[in-house]
Amino acid sequence: MGFLDGKKGLILGVANNKSIAWGVAEACHREGAELGFNYLGEQLERRVRPLAETLGASFVEPLDVADDASLDAFFERVARDFGKLDFLVHSIAYANKDTLKGAFHTTTREDFHLALDISAYSFIACAQRAAPLMNEGGAMVTMSYLGAVRAVPNYNVMGVAKAALEASVRYLAQDLGPSGIRVNAISAGPIRTLAASAVGDFRKLMEKSARGAMLKRNVTQEEVGNVAAFLVSDLASGVTGEVHYVDGGFHIGAGDPGVE
Ligand code: NAD
């Protein structure tokens, strides 16, 4: 018996088996959920489809969150082929790589729009299409990072996007709460993934995070996945509108004690 037995959920944002979304998928599958997936482009389909199949998932469809027509088509397929939803996990972000190193004040309007569109607005776009498909007791979770509330070197415009994402969680929780739908964010510590490799000096960031964490180590996809599975389950039925840190306690500390 798993605590997600009988639940159906969408996992958005698997690129490969290092993705945080994959850690979430494995945890939700272990707890008994039936899962559906998206992929961005044919190249990623070749990675995502075989992974999804290992969890017995047959719903694996294209979705580019930058495109309203793609969003509409994806959620129409969800309604038609996957059916009613109990939860949605949004684990998607993107920014121009050049913006993720060096100065923030040089950010262009175009780069600002791109980062905010894919990394923050896309959660609203998914939520508004998923909510009508949700059963009572539905839940949504998105992935944030400490750069939303602190100035983290190189994180730059992505920090601004995560601040917008965290605020969106609160407004979505306010809107959807009366329908019995809960909305939360996880603020994960740094984990080596495709997206993370775009952040300048990411290796240093990971070292600092491990030194400054109360647990004296970084967290894993599996640990984030377990918290996400809990948040979308009925065990978290009284929890909404919150940002939950899964960072080994880094954010409560005074920083990296080993820093020069
Ligand atoms: P990842 O590269 O594995 O996942 C990012 C996903 O975003 C990919 O699957 C990619 O296909 C998808 N994506 C990008 N643009 C898209 C678009 N237009 N349409 C649809 N999908 C699109 O990296 P990850 O680290 O697992 O990132 C997942 C989430 O976790 C992101 O929101 C990221 O900011 C967040 N996060 C990551 C870390 C970390 O250190 N890795 C820490 C905190 C939060």
# chains A, B, ... in the order shown; residues from 1 in each chain; ligands from 1
$ residues_near_ligand --ligand "ligand 1" --cutoff "9 Å" --atoms "only C-alpha atoms and all ligand atoms" --output "PyMOL selection string"
chain A and resi 12-23+38-41+44+48+62-67+90-95+117-120+122+142-147+158+162+186-197+202+206+221+247
$ residues_around --residues "A:Met134" --least-positions-apart "4" --cutoff "6 Å" --atoms "only C-alpha atoms" --output "list in words"
Lys84, Leu85, Asp86 and Gly138 of chain A
$ closest_residue --among "A:Gly2, A:Ala125, A:Leu205, A:Gly159" --to "A:Ala69" --atoms "only C-alpha atoms"
A:Ala125
$ closest_residue --among "A:Val199, A:Ala229, A:Ile124, A:Val24" --to "A:Val157" --atoms "only C-alpha atoms"
A:Val199
$ closest_residue --among "A:Ala131, A:Ala139, A:Leu35, A:Ala103" --to "A:Ala151" --atoms "only C-alpha atoms"
A:Ala103
$ select_by_dssp --residues "stretch 11-247 of chain A" --states "strand (DSSP E or B)" --output "PyMOL selection string"
chain A and resi 11-12+34-39+59-62+85-90+134-144+182-188+243-246
$ atom_distance --atom1 "atom CA of A:Asp81" --atom2 "atom CA of A:Glu45"
18.2 Å
$ select_by_dssp --residues "stretch 127-167 of chain A" --states "helix (DSSP H, G or I)" --output "ChimeraX atom specification"
/A:127-133,146-148,156-167
$ write_last_selection --atoms "N, CA and C atoms" --output "PDB file, in the first residue's frame"
ATOM      1  N   ALA A 127      -1.376  25.518 -14.469  1.00  0.00           N
ATOM      2  CA  ALA A 127      -2.366  25.433 -13.380  1.00  0.00           C
ATOM      3  C   ALA A 127      -3.769  25.745 -13.891  1.00  0.00           C
ATOM      4  N   GLN A 128      -3.878  26.759 -14.744  1.00  0.00           N
ATOM      5  CA  GLN A 128      -5.221  27.163 -15.208  1.00  0.00           C
ATOM      6  C   GLN A 128      -5.847  26.104 -16.107  1.00  0.00           C
ATOM      7  N   ARG A 129      -5.011  25.310 -16.761  1.00  0.00           N
ATOM      8  CA  ARG A 129      -5.540  24.228 -17.622  1.00  0.00           C
ATOM      9  C   ARG A 129      -5.734  22.923 -16.839  1.00  0.00           C
ATOM     10  N   ALA A 130      -4.930  22.720 -15.802  1.00  0.00           N
ATOM     11  CA  ALA A 130      -5.032  21.473 -15.021  1.00  0.00           C
ATOM     12  C   ALA A 130      -6.173  21.542 -14.006  1.00  0.00           C
ATOM     13  N   ALA A 131      -6.405  22.718 -13.436  1.00  0.00           N
ATOM     14  CA  ALA A 131      -7.391  22.825 -12.340  1.00  0.00           C
ATOM     15  C   ALA A 131      -8.771  22.276 -12.730  1.00  0.00           C
ATOM     16  N   PRO A 132      -9.288  22.603 -13.937  1.00  0.00           N
ATOM     17  CA  PRO A 132     -10.623  22.081 -14.282  1.00  0.00           C
ATOM     18  C   PRO A 132     -10.669  20.552 -14.416  1.00  0.00           C
ATOM     19  N   LEU A 133      -9.483  19.934 -14.553  1.00  0.00           N
ATOM     20  CA  LEU A 133      -9.440  18.469 -14.704  1.00  0.00           C
ATOM     21  C   LEU A 133      -9.247  17.769 -13.362  1.00  0.00           C
ATOM     22  N   LEU A 146      16.602  29.039  -3.549  1.00  0.00           N
ATOM     23  CA  LEU A 146      16.921  30.109  -2.597  1.00  0.00           C
ATOM     24  C   LEU A 146      17.175  31.465  -3.265  1.00  0.00           C
ATOM     25  N   GLY A 147      17.651  31.451  -4.514  1.00  0.00           N
ATOM     26  CA  GLY A 147      17.892  32.691  -5.259  1.00  0.00           C
ATOM     27  C   GLY A 147      16.638  33.551  -5.400  1.00  0.00           C
ATOM     28  N   ALA A 148      15.470  33.016  -5.049  1.00  0.00           N
ATOM     29  CA  ALA A 148      14.231  33.804  -5.048  1.00  0.00           C
ATOM     30  C   ALA A 148      14.236  34.844  -3.940  1.00  0.00           C
ATOM     31  N   ASN A 156      21.121  35.408 -10.757  1.00  0.00           N
ATOM     32  CA  ASN A 156      20.647  36.565 -11.528  1.00  0.00           C
ATOM     33  C   ASN A 156      19.168  36.538 -11.901  1.00  0.00           C
ATOM     34  N   VAL A 157      18.850  36.620 -13.196  1.00  0.00           N
ATOM     35  CA  VAL A 157      17.450  36.777 -13.613  1.00  0.00           C
ATOM     36  C   VAL A 157      16.620  35.545 -13.222  1.00  0.00           C
ATOM     37  N   MET A 158      17.268  34.402 -13.038  1.00  0.00           N
ATOM     38  CA  MET A 158      16.511  33.217 -12.608  1.00  0.00           C
ATOM     39  C   MET A 158      16.006  33.408 -11.173  1.00  0.00           C
ATOM     40  N   GLY A 159      16.755  34.164 -10.372  1.00  0.00           N
ATOM     41  CA  GLY A 159      16.289  34.477  -9.018  1.00  0.00           C
ATOM     42  C   GLY A 159      15.025  35.319  -9.060  1.00  0.00           C
ATOM     43  N   VAL A 160      14.980  36.264  -9.989  1.00  0.00           N
ATOM     44  CA  VAL A 160      13.790  37.104 -10.146  1.00  0.00           C
ATOM     45  C   VAL A 160      12.606  36.241 -10.617  1.00  0.00           C
ATOM     46  N   ALA A 161      12.891  35.308 -11.520  1.00  0.00           N
ATOM     47  CA  ALA A 161      11.836  34.403 -12.004  1.00  0.00           C
ATOM     48  C   ALA A 161      11.322  33.523 -10.859  1.00  0.00           C
ATOM     49  N   LYS A 162      12.235  33.044 -10.002  1.00  0.00           N
ATOM     50  CA  LYS A 162      11.802  32.188  -8.882  1.00  0.00           C
ATOM     51  C   LYS A 162      11.002  32.996  -7.857  1.00  0.00           C
ATOM     52  N   ALA A 163      11.335  34.289  -7.686  1.00  0.00           N
ATOM     53  CA  ALA A 163      10.539  35.139  -6.788  1.00  0.00           C
ATOM     54  C   ALA A 163       9.114  35.255  -7.325  1.00  0.00           C
ATOM     55  N   ALA A 164       8.989  35.430  -8.652  1.00  0.00           N
ATOM     56  CA  ALA A 164       7.660  35.509  -9.276  1.00  0.00           C
ATOM     57  C   ALA A 164       6.938  34.170  -9.141  1.00  0.00           C
ATOM     58  N   LEU A 165       7.692  33.093  -9.269  1.00  0.00           N
ATOM     59  CA  LEU A 165       7.093  31.749  -9.152  1.00  0.00           C
ATOM     60  C   LEU A 165       6.558  31.536  -7.730  1.00  0.00           C
ATOM     61  N   GLU A 166       7.343  31.925  -6.730  1.00  0.00           N
ATOM     62  CA  GLU A 166       6.904  31.727  -5.334  1.00  0.00           C
ATOM     63  C   GLU A 166       5.679  32.591  -5.024  1.00  0.00           C
ATOM     64  N   ALA A 167       5.645  33.812  -5.549  1.00  0.00           N
ATOM     65  CA  ALA A 167       4.454  34.664  -5.351  1.00  0.00           C
ATOM     66  C   ALA A 167       3.256  34.044  -6.064  1.00  0.00           C
TER      67      ALA A 167
END
$ closest_residue --among "A:Gly200, A:Gly212, A:Pro178, A:Gly225" --to "A:Gly249" --atoms "only C-alpha atoms"
A:Gly212
$ decode --residues "stretch 23-38 of chain A" --atoms "N, CA, C and O atoms" --output "short mmCIF file (atom, residue, chain, number, x, y, z; two decimals), in the first residue's frame"
data_model
loop_
_atom_site.label_atom_id
_atom_site.label_comp_id
_atom_site.auth_asym_id
_atom_site.auth_seq_id
_atom_site.Cartn_x
_atom_site.Cartn_y
_atom_site.Cartn_z
N GLY A 23 13.26 12.23 -10.04
CA GLY A 23 13.23 11.85 -8.62
C GLY A 23 11.81 11.88 -8.08
O GLY A 23 11.40 11.00 -7.31
N VAL A 24 11.05 12.88 -8.51
CA VAL A 24 9.64 12.99 -8.08
C VAL A 24 8.84 11.83 -8.66
O VAL A 24 8.03 11.19 -7.97
N ALA A 25 9.07 11.54 -9.95
CA ALA A 25 8.32 10.47 -10.62
C ALA A 25 8.56 9.13 -9.91
O ALA A 25 7.61 8.38 -9.65
N GLU A 26 9.82 8.85 -9.60
CA GLU A 26 10.11 7.57 -8.95
C GLU A 26 9.43 7.46 -7.59
O GLU A 26 8.87 6.42 -7.24
N ALA A 27 9.45 8.56 -6.83
CA ALA A 27 8.82 8.54 -5.49
C ALA A 27 7.31 8.36 -5.62
O ALA A 27 6.70 7.58 -4.88
N CYS A 28 6.69 9.09 -6.56
CA CYS A 28 5.23 9.01 -6.72
C CYS A 28 4.82 7.62 -7.22
O CYS A 28 3.80 7.07 -6.78
N HIS A 29 5.63 7.05 -8.11
CA HIS A 29 5.35 5.70 -8.61
C HIS A 29 5.46 4.68 -7.47
O HIS A 29 4.58 3.82 -7.30
N ARG A 30 6.51 4.81 -6.69
CA ARG A 30 6.70 3.88 -5.55
C ARG A 30 5.49 3.91 -4.61
O ARG A 30 5.10 2.89 -4.04
N GLU A 31 4.89 5.10 -4.46
CA GLU A 31 3.75 5.24 -3.54
C GLU A 31 2.42 4.91 -4.21
O GLU A 31 1.36 5.17 -3.65
N GLY A 32 2.47 4.43 -5.45
CA GLY A 32 1.26 3.88 -6.04
C GLY A 32 0.56 4.74 -7.07
O GLY A 32 -0.50 4.36 -7.58
N ALA A 33 1.13 5.92 -7.42
CA ALA A 33 0.45 6.80 -8.37
C ALA A 33 0.60 6.31 -9.81
O ALA A 33 1.62 5.70 -10.17
N GLU A 34 -0.41 6.63 -10.62
CA GLU A 34 -0.32 6.43 -12.07
C GLU A 34 0.13 7.76 -12.66
O GLU A 34 -0.45 8.82 -12.36
N LEU A 35 1.16 7.74 -13.54
CA LEU A 35 1.79 8.99 -13.97
C LEU A 35 1.69 9.23 -15.47
O LEU A 35 1.71 8.29 -16.27
N GLY A 36 1.62 10.51 -15.84
CA GLY A 36 1.73 10.95 -17.22
C GLY A 36 2.88 11.93 -17.32
O GLY A 36 3.20 12.63 -16.35
N PHE A 37 3.51 11.98 -18.49
CA PHE A 37 4.72 12.80 -18.66
C PHE A 37 4.62 13.69 -19.89
O PHE A 37 3.86 13.41 -20.82
N ASN A 38 5.46 14.73 -19.92
CA ASN A 38 5.65 15.51 -21.14
C ASN A 38 7.12 15.42 -21.56
O ASN A 38 7.97 14.96 -20.80
#
